[in-house]
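Chemist: Contents of start-v1.txt (compact mmCIF, C-alpha atoms) are below:
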```txt
# COMPACT_ATOMS: atom_id res chain seq x y z
CA MET W 29 -5.80 -59.76 35.63
CA THR W 30 -6.14 -59.87 39.45
CA PRO W 31 -3.94 -57.26 41.16
CA THR W 32 -1.12 -58.64 43.30
CA SER W 33 -1.64 -58.21 47.04
CA PRO W 34 0.82 -55.82 48.66
CA ARG W 35 3.86 -57.19 50.40
CA ARG W 36 3.56 -56.93 54.18
CA VAL W 37 5.95 -57.11 57.11
CA VAL W 38 4.61 -57.95 60.57
CA LEU W 39 6.62 -56.84 63.61
CA TRP W 40 5.63 -59.13 66.48
CA ARG W 41 6.62 -58.56 70.08
CA HIS W 42 7.41 -61.53 72.32
CA GLY W 43 5.06 -62.86 75.01
CA ARG W 44 5.13 -61.73 78.62
CA THR W 45 7.99 -62.45 81.00
CA ALA W 46 8.14 -62.32 84.79
CA TRP W 47 10.41 -59.28 84.45
CA ASN W 48 7.71 -57.48 82.45
CA VAL W 49 5.36 -57.98 85.39
CA GLU W 50 7.99 -56.72 87.84
CA ASN W 51 8.85 -53.70 85.62
CA ARG W 52 12.44 -54.90 85.67
CA ALA W 53 14.76 -53.72 82.90
CA GLN W 54 15.46 -56.74 80.67
CA GLY W 55 17.44 -55.21 77.85
CA GLN W 56 19.47 -58.02 76.32
CA ARG W 57 19.30 -60.28 79.36
CA ASP W 58 18.00 -63.67 78.20
CA VAL W 59 14.77 -63.80 80.23
CA PRO W 60 12.26 -66.49 79.18
CA MET W 61 8.52 -66.04 78.86
CA ASP W 62 6.35 -66.89 81.83
CA GLU W 63 3.25 -69.13 81.57
CA VAL W 64 1.09 -66.20 80.49
CA GLY W 65 3.58 -65.28 77.78
CA VAL W 66 3.63 -68.83 76.42
CA ALA W 67 -0.17 -68.78 76.28
CA GLN W 68 -0.14 -65.39 74.56
CA ALA W 69 2.19 -66.69 71.86
CA ALA W 70 0.04 -69.79 71.35
CA ASP W 71 -3.07 -67.62 71.09
CA ALA W 72 -1.57 -65.11 68.65
CA ALA W 73 0.27 -67.55 66.38
CA PRO W 74 -2.81 -68.81 64.48
CA HIS W 75 -3.75 -65.23 63.57
CA LEU W 76 -0.33 -64.67 62.01
CA ALA W 77 -0.21 -68.14 60.45
CA ALA W 78 -3.44 -67.25 58.63
CA LEU W 79 -1.44 -64.59 56.75
CA ASP W 80 0.56 -67.41 55.13
CA PRO W 81 3.97 -65.88 55.87
CA ALA W 82 6.92 -66.59 53.62
CA LEU W 83 9.56 -66.01 56.29
CA VAL W 84 9.91 -65.84 60.07
CA TRP W 85 12.91 -63.99 61.48
CA SER W 86 13.53 -63.59 65.20
CA SER W 87 15.77 -62.05 67.81
CA ASP W 88 18.05 -64.73 69.23
CA LEU W 89 16.91 -64.03 72.80
CA THR W 90 14.84 -66.87 74.25
CA ARG W 91 11.61 -64.93 74.83
CA ALA W 92 11.49 -63.89 71.17
CA ARG W 93 12.73 -67.19 69.74
CA ASP W 94 10.13 -69.18 71.70
CA THR W 95 7.42 -66.80 70.47
CA ALA W 96 8.60 -67.32 66.90
CA ASP W 97 8.62 -71.09 67.41
CA ALA W 98 4.87 -70.98 68.18
CA LEU W 99 4.34 -69.62 64.67
CA ALA W 100 6.90 -71.93 63.08
CA ARG W 101 5.08 -74.99 64.42
CA LEU W 102 1.94 -73.92 62.55
CA THR W 103 3.59 -72.85 59.30
CA GLY W 104 6.45 -75.31 58.99
CA LEU W 105 8.80 -72.41 58.29
CA PRO W 106 12.29 -72.33 59.77
CA VAL W 107 13.02 -69.54 62.23
CA VAL W 108 16.01 -67.47 61.17
CA THR W 109 17.59 -65.76 64.16
CA ASP W 110 19.20 -62.35 63.84
CA PRO W 111 20.83 -60.61 66.84
CA ARG W 112 20.04 -57.24 65.24
CA LEU W 113 16.43 -57.82 66.39
CA ARG W 114 17.47 -57.84 70.06
CA GLU W 115 16.07 -55.37 72.57
CA TYR W 116 18.01 -52.25 73.53
CA ASP W 117 21.15 -52.84 75.51
CA VAL W 118 20.18 -50.90 78.64
CA GLY W 119 23.67 -50.94 80.10
CA LEU W 120 23.87 -50.21 83.81
CA ARG W 121 20.08 -50.47 84.20
CA ALA W 122 19.88 -54.17 83.29
CA GLY W 123 18.22 -56.29 85.95
CA TYR W 124 16.90 -53.40 88.03
CA THR W 125 13.45 -52.05 88.68
CA PHE W 126 13.41 -48.25 88.71
CA GLU W 127 13.30 -48.27 92.52
CA GLU W 128 16.30 -50.60 92.72
CA PHE W 129 18.14 -48.56 90.12
CA ARG W 130 17.60 -45.38 92.15
CA ALA W 131 18.87 -47.05 95.32
CA ALA W 132 21.93 -48.59 93.63
CA HIS W 133 22.91 -45.65 91.40
CA PRO W 134 21.19 -42.51 92.71
CA GLU W 135 23.21 -40.01 90.68
CA VAL W 136 22.82 -41.94 87.42
CA HIS W 137 19.09 -42.34 88.16
CA ARG W 138 18.74 -38.61 88.81
CA ARG W 139 20.45 -37.67 85.57
CA PHE W 140 18.57 -40.36 83.60
CA PHE W 141 15.27 -38.74 84.52
CA GLY W 142 16.44 -35.13 84.71
CA ASP W 143 18.73 -34.67 81.73
CA PRO W 144 17.38 -35.60 78.26
CA HIS W 145 20.94 -35.67 76.91
CA PHE W 146 22.34 -38.01 79.57
CA HIS W 147 23.56 -41.41 78.38
CA VAL W 148 23.34 -44.32 80.85
CA PRO W 149 26.72 -46.07 80.93
CA GLY W 150 26.77 -49.01 78.53
CA ALA W 151 23.32 -48.34 77.10
CA GLU W 152 22.41 -48.00 73.44
CA GLU W 153 20.90 -44.76 72.18
CA VAL W 154 17.71 -44.49 70.14
CA GLY W 155 19.59 -43.74 66.92
CA GLN W 156 21.75 -46.86 67.25
CA VAL W 157 18.78 -49.17 67.74
CA ALA W 158 16.78 -47.42 65.03
CA ARG W 159 19.56 -48.12 62.55
CA ARG W 160 20.18 -51.79 63.40
CA VAL W 161 16.51 -52.80 63.61
CA GLY W 162 15.57 -50.59 60.67
CA ASP W 163 18.20 -52.44 58.63
CA VAL W 164 16.61 -55.80 59.48
CA ILE W 165 13.17 -54.56 58.42
CA ARG W 166 14.67 -53.28 55.20
CA ASP W 167 16.39 -56.62 54.59
CA ALA W 168 13.08 -58.41 55.12
CA THR W 169 11.31 -56.25 52.56
CA GLN W 170 14.02 -57.06 50.04
CA ALA W 171 13.74 -60.80 50.76
CA LEU W 172 9.96 -60.93 50.29
CA PRO W 173 8.52 -62.10 46.96
CA PRO W 174 5.61 -60.09 45.50
CA GLY W 175 2.43 -60.36 47.50
CA ARG W 176 4.00 -62.22 50.43
CA VAL W 177 4.22 -61.60 54.17
CA GLY W 178 7.24 -61.69 56.47
CA VAL W 179 7.11 -61.88 60.28
CA LEU W 180 9.88 -60.38 62.41
CA VAL W 181 9.77 -61.33 66.09
CA GLY W 182 11.48 -59.04 68.55
CA HIS W 183 11.07 -56.65 71.45
CA GLY W 184 8.73 -53.74 72.03
CA ALA W 185 11.06 -50.78 72.35
CA ALA W 186 13.53 -52.00 69.72
CA LEU W 187 10.80 -52.74 67.16
CA THR W 188 9.25 -49.31 67.68
CA SER W 189 12.61 -47.61 67.27
CA GLY W 190 13.22 -49.77 64.22
CA LEU W 191 10.23 -48.11 62.58
CA LEU W 192 12.07 -44.80 62.88
CA GLY W 193 15.13 -46.26 61.20
CA PHE W 194 13.14 -47.92 58.45
CA PHE W 195 11.27 -44.72 57.59
CA ASP W 196 14.32 -42.48 58.12
CA ALA W 197 12.48 -40.59 60.85
CA PRO W 198 14.42 -38.59 63.47
CA PRO W 199 15.01 -40.28 66.85
CA HIS W 200 13.07 -37.62 68.79
CA LEU W 201 9.85 -38.98 67.26
CA ARG W 202 10.26 -42.20 69.30
CA ASP W 203 7.89 -40.87 71.96
CA MET W 204 4.98 -40.52 69.53
CA PHE W 205 4.59 -44.32 69.62
CA ALA W 206 2.83 -45.95 72.55
CA GLY W 207 4.52 -49.09 73.82
CA MET W 208 3.69 -52.36 72.08
CA GLY W 209 1.87 -54.86 74.28
CA ASN W 210 3.21 -58.34 74.86
CA CYS W 211 2.50 -60.46 71.77
CA ALA W 212 1.03 -57.48 69.94
CA TRP W 213 2.08 -56.78 66.38
CA THR W 214 2.49 -53.94 63.92
CA VAL W 215 1.87 -54.34 60.18
CA LEU W 216 3.66 -52.55 57.35
CA ALA W 217 2.29 -52.77 53.81
CA GLU W 218 3.74 -51.64 50.52
CA HIS W 219 1.56 -49.10 48.70
CA GLU W 220 2.05 -49.14 44.94
CA ALA W 221 2.44 -45.34 44.78
CA ARG W 222 3.52 -44.27 48.28
CA GLY W 223 5.87 -47.03 49.30
CA TRP W 224 5.83 -48.70 52.70
CA GLN W 225 3.23 -47.57 55.23
CA ILE W 226 2.17 -48.49 58.76
CA VAL W 227 -1.31 -49.95 58.32
CA ASP W 228 -1.81 -51.39 61.81
CA TYR W 229 -0.05 -50.70 65.10
CA ASN W 230 -0.11 -52.56 68.43
CA ALA W 231 -2.74 -55.01 67.22
CA GLY W 232 -3.39 -58.19 69.13
CA SER W 233 -5.63 -61.16 69.56
CA THR W 234 -5.96 -61.02 73.36
CA ALA W 235 -6.56 -58.42 76.02
CA HIS W 236 -3.03 -59.07 77.29
CA ALA W 237 -1.58 -57.87 74.00
CA LEU W 238 -3.36 -54.54 74.34
CA ARG W 239 -1.70 -53.65 77.65
CA PRO W 240 1.66 -52.10 76.77
CA THR W 241 4.49 -52.66 79.22
CA ASP W 242 7.32 -51.11 77.20
CA ASN W 243 6.81 -47.36 76.91
CA ALA W 244 8.80 -44.21 77.50
CA ASP W 245 8.58 -44.58 81.28
CA ALA W 246 8.98 -48.34 81.70
CA PRO W 247 12.06 -50.58 81.74
CA LEU W 248 12.97 -52.21 78.44
```
Please, can you express the file's structure as structure tokens?
Modeler:
Amino acid sequence: MTPTSPRRVVLWRHGRTAWNVENRAQGQRDVPMDEVGVAQAADAAPHLAALDPALVWSSDLTRARDTADALARLTGLPVVTDPRLREYDVGLRAGYTFEEFRAAHPEVHRRFFGDPHFHVPGAEEVGQVARRVGDVIRDATQALPPGRVGVLVGHGAALTSGLLGFFDAPPHLRDMFAGMGNCAWTVLAEHEARGWQIVDYNAGSTAHALRPTDNADAPL
């Protein structure tokens, strides 16, 4: 009897936006992809469609939903939106570059970079995002039939933190992950003896996808 292929979950980051280029904190602002981002999604979608996914879930923010739609057009699958896949709420930082943030809120900026325990007003913490995105990943694994693939479309920092939540890893390990590039993806596969594992990280079909813009020092 032929062994069943492992179940897999693909975490796919949205295509590029103008705010990514400007290093402007997007957070949960509904910023659309730019022309490059649309092309990135169109380029990456056939690679993921070739995996014959059984489900496509997406953040409800436009840049993620439009990325998911590029895959849905090839697979015929409906896109199920889930606000738990949204990017971090960055609170007071939303809409600012770091330079603008320093000029507008110098004391908050100073503490943000100088005090590891400081919490930007209105912003989510790593543990909060790890839990909500980790829960979505867990729900996807439970929804997948044997041997099938699910694609979750979201945002670089939130997806990376979601890995911590899914694997019950402590929040301080967030910095061990490099940022995911625009339209890059991460693959989880279920090992028959060891459970779920990360088998690919920050993979992509274009050079654009291999240039991370969401990392520990960049706006979300």
Chemist: In terms of the shortest atom-to-atom distance over only C-alpha atoms, which of W:His75, W:Arg138, W:His42, W:His200 is closest to Leu89 (chain W)?
Modeler: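 Under the stated criterion, the closest residue is W:His42.
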Chemist: Please report as CSV every residue of region 49-90 of chain W lying within 10 Å of region 111-124 of chain W, along with the nearest atom pair and their distance in Å (one decimal), using all atoms listed in the file.
Modeler:
```
residue,atom,partner,partner_atom,distance
W:Glu50,CA,W:Tyr124,CA,9.5
W:Asn51,CA,W:Tyr124,CA,8.4
W:Arg52,CA,W:Tyr124,CA,5.3
W:Ala53,CA,W:Ala122,CA,5.2
W:Gln54,CA,W:Ala122,CA,5.7
W:Gly55,CA,W:Asp117,CA,5.0
W:Gln56,CA,W:Asp117,CA,5.5
W:Arg57,CA,W:Ala122,CA,7.3
W:Trp85,CA,W:Leu113,CA,8.6
W:Ser86,CA,W:Leu113,CA,6.6
W:Ser87,CA,W:Leu113,CA,4.5
W:Asp88,CA,W:Pro111,CA,5.5
W:Leu89,CA,W:Arg114,CA,6.8
```
Chemist: Mind checking which residues fall within 9 Å of Leu83 (chain W), counting all atoms listed in the file, ignoring those fewer than 3 positions away in the same chain, and posting them as number ranges by chain?
Modeler: W: 105-108, 168, 171-172, 176-180
Chemist: Check which residues of region 95-161 of chain W sit at most 12 Å from region 210-215 of chain W using only C-alpha atoms, and return one row each with the closest pair of atoms and their distance in Å to one decimal, ordered by chain and rising number, as JSON lines.
Modeler:
```
{"residue": "W:Thr95", "atom": "CA", "partner": "W:Cys211", "partner_atom": "CA", "distance": 8.1}
{"residue": "W:Ala96", "atom": "CA", "partner": "W:Cys211", "partner_atom": "CA", "distance": 10.4}
{"residue": "W:Ala98", "atom": "CA", "partner": "W:Cys211", "partner_atom": "CA", "distance": 11.4}
{"residue": "W:Leu99", "atom": "CA", "partner": "W:Cys211", "partner_atom": "CA", "distance": 11.7}
```
Chemist: Quick one: residues within 7 Å of (3.9, -60.5, 49.0) (file frame), counting all atoms listed in the file, please, as a count of residues only.
Modeler: 10
Chemist: Excluding Phe140 (chain W) and any residue of its chain fewer than 3 positions from it, enumerate the residues within 12 Å of it, using all atoms listed in the file, and give them as a list in words.
Modeler: Val118, Leu120, Arg121, Phe126, Phe129, Arg130, His133, Pro134, Glu135, Val136, His137, Asp143, Pro144, His145, Phe146, His147, Val148, Pro149, Ala151 and Asp245 of chain W
Chemist: Using only C-alpha atoms, which of the listed residues (W:Asp163, W:Asp71, W:Glu220, W:Asp80) sits closest to Asp196 (chain W)?
Modeler: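 Ranking W:Asp163, W:Asp71, W:Glu220, W:Asp80 by distance to Asp196 (chain W), first place goes to W:Asp163.
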